[in-house]
Amino acid sequence: MNMNFNQLAMLQKLKGCMDNFRMNHPKFPLFLNAISQDALIEGSVVEITVTTPEGKSYCSNLKLNQTDLEFIDCLKSLRQS
């Protein structure tokens with residue numbers, strides 16, 4: 001896989017953003033690690049709720065399928081690189 005300098009710069013920026021996110025929210029990576037052990041299986045439902053400072057809520061969910069799990073495995077392999 002050949003990468004140009006712009007792609008390398010974007011990856012470096014992404015790494016910096018991820019590092020900042022981990023510093024700002026240290027428990028969230030621990031949560032992700034815990035659920036990745038046995039909760040992310042086919043048929044599991046992932047639900048996300050976002051509440052604005054004004055109190056307005058948005059909620060969505062999805063049921064994991066095999067393709068989703070393959071994507072998650074791909075993301076896990078990026079983390080280990």
# chains A, B, ... in the order shown; residues from 1 in each chain; ligands from 1
$ select_by_dssp --residues "segment 49-81 of chain A" --states "strand (DSSP E or B)" --output "PyMOL selection string"
chain A and resi 49-51+57-63
$ closest_residue --among "A:Gly55, A:Gly43, A:Pro26, A:Gly16" --to "Leu69 of chain A" --atoms "only C-alpha atoms"
A:Gly43
$ residues_around --residues "Asn65 of chain A" --least-positions-apart "3" --cutoff "9 Å" --atoms "only C-alpha atoms" --output "VMD selection string"
chain A and resid 41 to 44 68 to 70
$ write_last_selection --atoms "N, CA, C and O atoms" --output "PDB file, in the first residue's frame"
ATOM      1  N   ILE A  41     -21.411  -9.314  19.456  1.00  0.00           N
ATOM      2  CA  ILE A  41     -21.647 -10.551  18.717  1.00  0.00           C
ATOM      3  C   ILE A  41     -22.846 -10.324  17.800  1.00  0.00           C
ATOM      4  O   ILE A  41     -23.625  -9.385  17.984  1.00  0.00           O
ATOM      5  N   GLU A  42     -22.992 -11.191  16.822  1.00  0.00           N
ATOM      6  CA  GLU A  42     -24.102 -11.055  15.892  1.00  0.00           C
ATOM      7  C   GLU A  42     -25.425 -11.090  16.655  1.00  0.00           C
ATOM      8  O   GLU A  42     -25.641 -11.939  17.523  1.00  0.00           O
ATOM      9  N   GLY A  43     -26.276 -10.125  16.363  1.00  0.00           N
ATOM     10  CA  GLY A  43     -27.567 -10.034  17.037  1.00  0.00           C
ATOM     11  C   GLY A  43     -27.590  -9.053  18.198  1.00  0.00           C
ATOM     12  O   GLY A  43     -28.670  -8.672  18.651  1.00  0.00           O
ATOM     13  N   SER A  44     -26.413  -8.640  18.697  1.00  0.00           N
ATOM     14  CA  SER A  44     -26.382  -7.628  19.758  1.00  0.00           C
ATOM     15  C   SER A  44     -26.919  -6.310  19.215  1.00  0.00           C
ATOM     16  O   SER A  44     -26.740  -5.987  18.041  1.00  0.00           O
ATOM     17  N   ASP A  68     -21.000  -6.123   9.997  1.00  0.00           N
ATOM     18  CA  ASP A  68     -20.634  -5.158  11.037  1.00  0.00           C
ATOM     19  C   ASP A  68     -19.476  -5.689  11.873  1.00  0.00           C
ATOM     20  O   ASP A  68     -18.539  -4.953  12.207  1.00  0.00           O
ATOM     21  N   LEU A  69     -19.533  -6.970  12.215  1.00  0.00           N
ATOM     22  CA  LEU A  69     -18.479  -7.576  13.037  1.00  0.00           C
ATOM     23  C   LEU A  69     -17.152  -7.594  12.282  1.00  0.00           C
ATOM     24  O   LEU A  69     -16.091  -7.386  12.885  1.00  0.00           O
ATOM     25  N   GLU A  70     -17.192  -7.806  10.980  1.00  0.00           N
ATOM     26  CA  GLU A  70     -15.964  -7.767  10.180  1.00  0.00           C
ATOM     27  C   GLU A  70     -15.370  -6.366  10.188  1.00  0.00           C
ATOM     28  O   GLU A  70     -14.155  -6.199  10.298  1.00  0.00           O
TER      29      GLU A  70
END
$ select_by_dssp --residues "chain A" --states "helix (DSSP H, G or I)" --output "PDB file with N, CA, C and O atoms, in the first residue's frame"
ATOM      1  N   PHE A   5       2.094  11.912   0.867  1.00  0.00           N
ATOM      2  CA  PHE A   5       2.349  12.708   2.069  1.00  0.00           C
ATOM      3  C   PHE A   5       1.064  13.249   2.692  1.00  0.00           C
ATOM      4  O   PHE A   5       0.960  13.356   3.915  1.00  0.00           O
ATOM      5  N   ASN A   6       0.067  13.580   1.864  1.00  0.00           N
ATOM      6  CA  ASN A   6      -1.204  14.068   2.409  1.00  0.00           C
ATOM      7  C   ASN A   6      -1.888  12.996   3.241  1.00  0.00           C
ATOM      8  O   ASN A   6      -2.449  13.278   4.304  1.00  0.00           O
ATOM      9  N   GLN A   7      -1.870  11.758   2.770  1.00  0.00           N
ATOM     10  CA  GLN A   7      -2.486  10.658   3.516  1.00  0.00           C
ATOM     11  C   GLN A   7      -1.739  10.412   4.821  1.00  0.00           C
ATOM     12  O   GLN A   7      -2.362  10.182   5.859  1.00  0.00           O
ATOM     13  N   LEU A   8      -0.413  10.472   4.766  1.00  0.00           N
ATOM     14  CA  LEU A   8       0.378  10.301   5.993  1.00  0.00           C
ATOM     15  C   LEU A   8       0.089  11.419   6.984  1.00  0.00           C
ATOM     16  O   LEU A   8      -0.036  11.176   8.189  1.00  0.00           O
ATOM     17  N   ALA A   9      -0.051  12.644   6.481  1.00  0.00           N
ATOM     18  CA  ALA A   9      -0.356  13.774   7.359  1.00  0.00           C
ATOM     19  C   ALA A   9      -1.731  13.599   7.992  1.00  0.00           C
ATOM     20  O   ALA A   9      -1.910  13.893   9.185  1.00  0.00           O
ATOM     21  N   MET A  10      -2.696  13.122   7.220  1.00  0.00           N
ATOM     22  CA  MET A  10      -4.037  12.896   7.770  1.00  0.00           C
ATOM     23  C   MET A  10      -4.019  11.807   8.831  1.00  0.00           C
ATOM     24  O   MET A  10      -4.698  11.914   9.849  1.00  0.00           O
ATOM     25  N   LEU A  11      -3.262  10.745   8.607  1.00  0.00           N
ATOM     26  CA  LEU A  11      -3.154   9.684   9.612  1.00  0.00           C
ATOM     27  C   LEU A  11      -2.508  10.208  10.887  1.00  0.00           C
ATOM     28  O   LEU A  11      -2.930   9.866  11.993  1.00  0.00           O
ATOM     29  N   GLN A  12      -1.502  11.051  10.743  1.00  0.00           N
ATOM     30  CA  GLN A  12      -0.842  11.640  11.910  1.00  0.00           C
ATOM     31  C   GLN A  12      -1.815  12.536  12.668  1.00  0.00           C
ATOM     32  O   GLN A  12      -1.874  12.512  13.903  1.00  0.00           O
ATOM     33  N   LYS A  13      -2.597  13.311  11.929  1.00  0.00           N
ATOM     34  CA  LYS A  13      -3.601  14.171  12.565  1.00  0.00           C
ATOM     35  C   LYS A  13      -4.648  13.326  13.280  1.00  0.00           C
ATOM     36  O   LYS A  13      -5.047  13.638  14.410  1.00  0.00           O
ATOM     37  N   LEU A  14      -5.100  12.257  12.641  1.00  0.00           N
ATOM     38  CA  LEU A  14      -6.078  11.357  13.255  1.00  0.00           C
ATOM     39  C   LEU A  14      -5.531  10.761  14.551  1.00  0.00           C
ATOM     40  O   LEU A  14      -6.241  10.688  15.555  1.00  0.00           O
ATOM     41  N   LYS A  15      -4.268  10.359  14.536  1.00  0.00           N
ATOM     42  CA  LYS A  15      -3.651   9.804  15.745  1.00  0.00           C
ATOM     43  C   LYS A  15      -3.650  10.838  16.869  1.00  0.00           C
ATOM     44  O   LYS A  15      -3.964  10.532  18.015  1.00  0.00           O
ATOM     45  N   GLY A  16      -3.315  12.082  16.536  1.00  0.00           N
ATOM     46  CA  GLY A  16      -3.330  13.147  17.545  1.00  0.00           C
ATOM     47  C   GLY A  16      -4.724  13.372  18.107  1.00  0.00           C
ATOM     48  O   GLY A  16      -4.898  13.547  19.316  1.00  0.00           O
ATOM     49  N   CYS A  17      -5.721  13.356  17.225  1.00  0.00           N
ATOM     50  CA  CYS A  17      -7.113  13.522  17.673  1.00  0.00           C
ATOM     51  C   CYS A  17      -7.532  12.366  18.582  1.00  0.00           C
ATOM     52  O   CYS A  17      -8.209  12.576  19.597  1.00  0.00           O
ATOM     53  N   MET A  18      -7.140  11.152  18.211  1.00  0.00           N
ATOM     54  CA  MET A  18      -7.471   9.989  19.037  1.00  0.00           C
ATOM     55  C   MET A  18      -6.794  10.077  20.396  1.00  0.00           C
ATOM     56  O   MET A  18      -7.402   9.767  21.421  1.00  0.00           O
ATOM     57  N   ASP A  19      -5.550  10.508  20.429  1.00  0.00           N
ATOM     58  CA  ASP A  19      -4.837  10.666  21.698  1.00  0.00           C
ATOM     59  C   ASP A  19      -5.531  11.696  22.586  1.00  0.00           C
ATOM     60  O   ASP A  19      -5.697  11.476  23.788  1.00  0.00           O
ATOM     61  N   ASN A  20      -5.943  12.821  21.996  1.00  0.00           N
ATOM     62  CA  ASN A  20      -6.666  13.844  22.760  1.00  0.00           C
ATOM     63  C   ASN A  20      -7.992  13.314  23.282  1.00  0.00           C
ATOM     64  O   ASN A  20      -8.362  13.572  24.431  1.00  0.00           O
ATOM     65  N   PHE A  21      -8.716  12.572  22.448  1.00  0.00           N
ATOM     66  CA  PHE A  21      -9.993  11.997  22.874  1.00  0.00           C
ATOM     67  C   PHE A  21      -9.783  11.063  24.057  1.00  0.00           C
ATOM     68  O   PHE A  21     -10.536  11.106  25.036  1.00  0.00           O
ATOM     69  N   ARG A  22      -8.757  10.232  23.981  1.00  0.00           N
ATOM     70  CA  ARG A  22      -8.468   9.306  25.098  1.00  0.00           C
ATOM     71  C   ARG A  22      -8.135  10.055  26.381  1.00  0.00           C
ATOM     72  O   ARG A  22      -8.519   9.640  27.468  1.00  0.00           O
ATOM     73  N   MET A  23      -7.397  11.172  26.263  1.00  0.00           N
ATOM     74  CA  MET A  23      -7.057  11.963  27.453  1.00  0.00           C
ATOM     75  C   MET A  23      -8.307  12.622  28.040  1.00  0.00           C
ATOM     76  O   MET A  23      -8.467  12.684  29.254  1.00  0.00           O
ATOM     77  N   ASN A  24      -9.193  13.108  27.167  1.00  0.00           N
ATOM     78  CA  ASN A  24     -10.402  13.788  27.635  1.00  0.00           C
ATOM     79  C   ASN A  24     -11.456  12.831  28.182  1.00  0.00           C
ATOM     80  O   ASN A  24     -12.287  13.229  29.003  1.00  0.00           O
ATOM     81  N   LYS A  27     -12.291   6.846  30.425  1.00  0.00           N
ATOM     82  CA  LYS A  27     -13.091   5.651  30.698  1.00  0.00           C
ATOM     83  C   LYS A  27     -13.710   5.056  29.437  1.00  0.00           C
ATOM     84  O   LYS A  27     -14.054   3.881  29.413  1.00  0.00           O
ATOM     85  N   PHE A  28     -13.854   5.858  28.375  1.00  0.00           N
ATOM     86  CA  PHE A  28     -14.517   5.359  27.179  1.00  0.00           C
ATOM     87  C   PHE A  28     -13.728   4.244  26.490  1.00  0.00           C
ATOM     88  O   PHE A  28     -14.316   3.211  26.141  1.00  0.00           O
ATOM     89  N   PRO A  29     -12.409   4.368  26.310  1.00  0.00           N
ATOM     90  CA  PRO A  29     -11.673   3.235  25.734  1.00  0.00           C
ATOM     91  C   PRO A  29     -11.766   1.973  26.596  1.00  0.00           C
ATOM     92  O   PRO A  29     -11.814   0.856  26.070  1.00  0.00           O
ATOM     93  N   LEU A  30     -11.831   2.129  27.905  1.00  0.00           N
ATOM     94  CA  LEU A  30     -11.993   0.974  28.795  1.00  0.00           C
ATOM     95  C   LEU A  30     -13.345   0.310  28.567  1.00  0.00           C
ATOM     96  O   LEU A  30     -13.456  -0.916  28.552  1.00  0.00           O
ATOM     97  N   PHE A  31     -14.381   1.138  28.374  1.00  0.00           N
ATOM     98  CA  PHE A  31     -15.712   0.626  28.070  1.00  0.00           C
ATOM     99  C   PHE A  31     -15.692  -0.146  26.751  1.00  0.00           C
ATOM    100  O   PHE A  31     -16.217  -1.268  26.664  1.00  0.00           O
ATOM    101  N   LEU A  32     -15.079   0.444  25.725  1.00  0.00           N
ATOM    102  CA  LEU A  32     -15.004  -0.228  24.428  1.00  0.00           C
ATOM    103  C   LEU A  32     -14.252  -1.546  24.528  1.00  0.00           C
ATOM    104  O   LEU A  32     -14.648  -2.547  23.926  1.00  0.00           O
ATOM    105  N   ASN A  33     -13.190  -1.566  25.301  1.00  0.00           N
ATOM    106  CA  ASN A  33     -12.425  -2.799  25.489  1.00  0.00           C
ATOM    107  C   ASN A  33     -13.275  -3.857  26.185  1.00  0.00           C
ATOM    108  O   ASN A  33     -13.268  -5.028  25.798  1.00  0.00           O
ATOM    109  N   ALA A  34     -14.038  -3.446  27.193  1.00  0.00           N
ATOM    110  CA  ALA A  34     -14.873  -4.399  27.936  1.00  0.00           C
ATOM    111  C   ALA A  34     -15.945  -5.002  27.037  1.00  0.00           C
ATOM    112  O   ALA A  34     -16.151  -6.221  27.040  1.00  0.00           O
ATOM    113  N   ILE A  35     -16.637  -4.172  26.254  1.00  0.00           N
ATOM    114  CA  ILE A  35     -17.702  -4.726  25.414  1.00  0.00           C
ATOM    115  C   ILE A  35     -17.155  -5.545  24.253  1.00  0.00           C
ATOM    116  O   ILE A  35     -17.821  -6.453  23.768  1.00  0.00           O
ATOM    117  N   SER A  36     -15.939  -5.226  23.828  1.00  0.00           N
ATOM    118  CA  SER A  36     -15.382  -5.984  22.700  1.00  0.00           C
ATOM    119  C   SER A  36     -15.013  -7.405  23.101  1.00  0.00           C
ATOM    120  O   SER A  36     -14.833  -8.263  22.240  1.00  0.00           O
ATOM    121  N   GLN A  37     -14.927  -7.677  24.397  1.00  0.00           N
ATOM    122  CA  GLN A  37     -14.571  -9.011  24.872  1.00  0.00           C
ATOM    123  C   GLN A  37     -15.666 -10.036  24.578  1.00  0.00           C
ATOM    124  O   GLN A  37     -15.382 -11.131  24.125  1.00  0.00           O
ATOM    125  N   ASP A  38     -16.932  -9.661  24.858  1.00  0.00           N
ATOM    126  CA  ASP A  38     -17.995 -10.659  24.672  1.00  0.00           C
ATOM    127  C   ASP A  38     -19.357 -10.086  24.298  1.00  0.00           C
ATOM    128  O   ASP A  38     -20.293 -10.837  24.042  1.00  0.00           O
ATOM    129  N   GLN A  66     -23.056  -9.901  10.582  1.00  0.00           N
ATOM    130  CA  GLN A  66     -21.711 -10.409  10.335  1.00  0.00           C
ATOM    131  C   GLN A  66     -20.815  -9.363   9.663  1.00  0.00           C
ATOM    132  O   GLN A  66     -19.636  -9.234   9.986  1.00  0.00           O
ATOM    133  N   THR A  67     -21.371  -8.599   8.735  1.00  0.00           N
ATOM    134  CA  THR A  67     -20.589  -7.554   8.067  1.00  0.00           C
ATOM    135  C   THR A  67     -20.133  -6.491   9.065  1.00  0.00           C
ATOM    136  O   THR A  67     -18.999  -6.008   8.986  1.00  0.00           O
ATOM    137  N   ASP A  68     -21.000  -6.123   9.997  1.00  0.00           N
ATOM    138  CA  ASP A  68     -20.634  -5.158  11.037  1.00  0.00           C
ATOM    139  C   ASP A  68     -19.476  -5.689  11.873  1.00  0.00           C
ATOM    140  O   ASP A  68     -18.539  -4.953  12.207  1.00  0.00           O
ATOM    141  N   LEU A  69     -19.533  -6.970  12.215  1.00  0.00           N
ATOM    142  CA  LEU A  69     -18.479  -7.576  13.037  1.00  0.00           C
ATOM    143  C   LEU A  69     -17.152  -7.594  12.282  1.00  0.00           C
ATOM    144  O   LEU A  69     -16.091  -7.386  12.885  1.00  0.00           O
ATOM    145  N   GLU A  70     -17.192  -7.806  10.980  1.00  0.00           N
ATOM    146  CA  GLU A  70     -15.964  -7.767  10.180  1.00  0.00           C
ATOM    147  C   GLU A  70     -15.370  -6.366  10.188  1.00  0.00           C
ATOM    148  O   GLU A  70     -14.155  -6.199  10.298  1.00  0.00           O
ATOM    149  N   PHE A  71     -16.229  -5.342  10.103  1.00  0.00           N
ATOM    150  CA  PHE A  71     -15.776  -3.957  10.182  1.00  0.00           C
ATOM    151  C   PHE A  71     -15.147  -3.671  11.549  1.00  0.00           C
ATOM    152  O   PHE A  71     -14.087  -3.045  11.640  1.00  0.00           O
ATOM    153  N   ILE A  72     -15.773  -4.129  12.608  1.00  0.00           N
ATOM    154  CA  ILE A  72     -15.244  -3.941  13.960  1.00  0.00           C
ATOM    155  C   ILE A  72     -13.890  -4.621  14.100  1.00  0.00           C
ATOM    156  O   ILE A  72     -12.949  -4.062  14.680  1.00  0.00           O
ATOM    157  N   ASP A  73     -13.745  -5.828  13.555  1.00  0.00           N
ATOM    158  CA  ASP A  73     -12.453  -6.522  13.594  1.00  0.00           C
ATOM    159  C   ASP A  73     -11.386  -5.731  12.846  1.00  0.00           C
ATOM    160  O   ASP A  73     -10.226  -5.671  13.271  1.00  0.00           O
ATOM    161  N   CYS A  74     -11.772  -5.124  11.740  1.00  0.00           N
ATOM    162  CA  CYS A  74     -10.850  -4.285  10.977  1.00  0.00           C
ATOM    163  C   CYS A  74     -10.383  -3.099  11.820  1.00  0.00           C
ATOM    164  O   CYS A  74      -9.200  -2.777  11.845  1.00  0.00           O
ATOM    165  N   LEU A  75     -11.317  -2.459  12.514  1.00  0.00           N
ATOM    166  CA  LEU A  75     -10.959  -1.333  13.393  1.00  0.00           C
ATOM    167  C   LEU A  75     -10.046  -1.793  14.525  1.00  0.00           C
ATOM    168  O   LEU A  75      -9.109  -1.088  14.893  1.00  0.00           O
ATOM    169  N   LYS A  76     -10.310  -2.963  15.078  1.00  0.00           N
ATOM    170  CA  LYS A  76      -9.466  -3.502  16.143  1.00  0.00           C
ATOM    171  C   LYS A  76      -8.047  -3.712  15.643  1.00  0.00           C
ATOM    172  O   LYS A  76      -7.079  -3.414  16.353  1.00  0.00           O
ATOM    173  N   SER A  77      -7.897  -4.199  14.420  1.00  0.00           N
ATOM    174  CA  SER A  77      -6.560  -4.449  13.887  1.00  0.00           C
ATOM    175  C   SER A  77      -5.815  -3.132  13.671  1.00  0.00           C
ATOM    176  O   SER A  77      -4.599  -3.080  13.814  1.00  0.00           O
ATOM    177  N   LEU A  78      -6.525  -2.050  13.340  1.00  0.00           N
ATOM    178  CA  LEU A  78      -5.884  -0.749  13.211  1.00  0.00           C
ATOM    179  C   LEU A  78      -5.337  -0.279  14.554  1.00  0.00           C
ATOM    180  O   LEU A  78      -4.266   0.311  14.630  1.00  0.00           O
ATOM    181  N   ARG A  79      -6.089  -0.529  15.610  1.00  0.00           N
ATOM    182  CA  ARG A  79      -5.680  -0.114  16.954  1.00  0.00           C
ATOM    183  C   ARG A  79      -4.399  -0.833  17.372  1.00  0.00           C
ATOM    184  O   ARG A  79      -3.554  -0.266  18.059  1.00  0.00           O
ATOM    185  N   GLN A  80      -4.224  -2.064  16.938  1.00  0.00           N
ATOM    186  CA  GLN A  80      -3.070  -2.868  17.346  1.00  0.00           C
ATOM    187  C   GLN A  80      -1.840  -2.580  16.503  1.00  0.00           C
ATOM    188  O   GLN A  80      -0.762  -3.036  16.827  1.00  0.00           O
TER     189      GLN A  80
END
$ atom_distance --atom1 "atom CA of Ala39 of chain A" --atom2 "atom CA of Thr52 of chain A"
27.5 Å
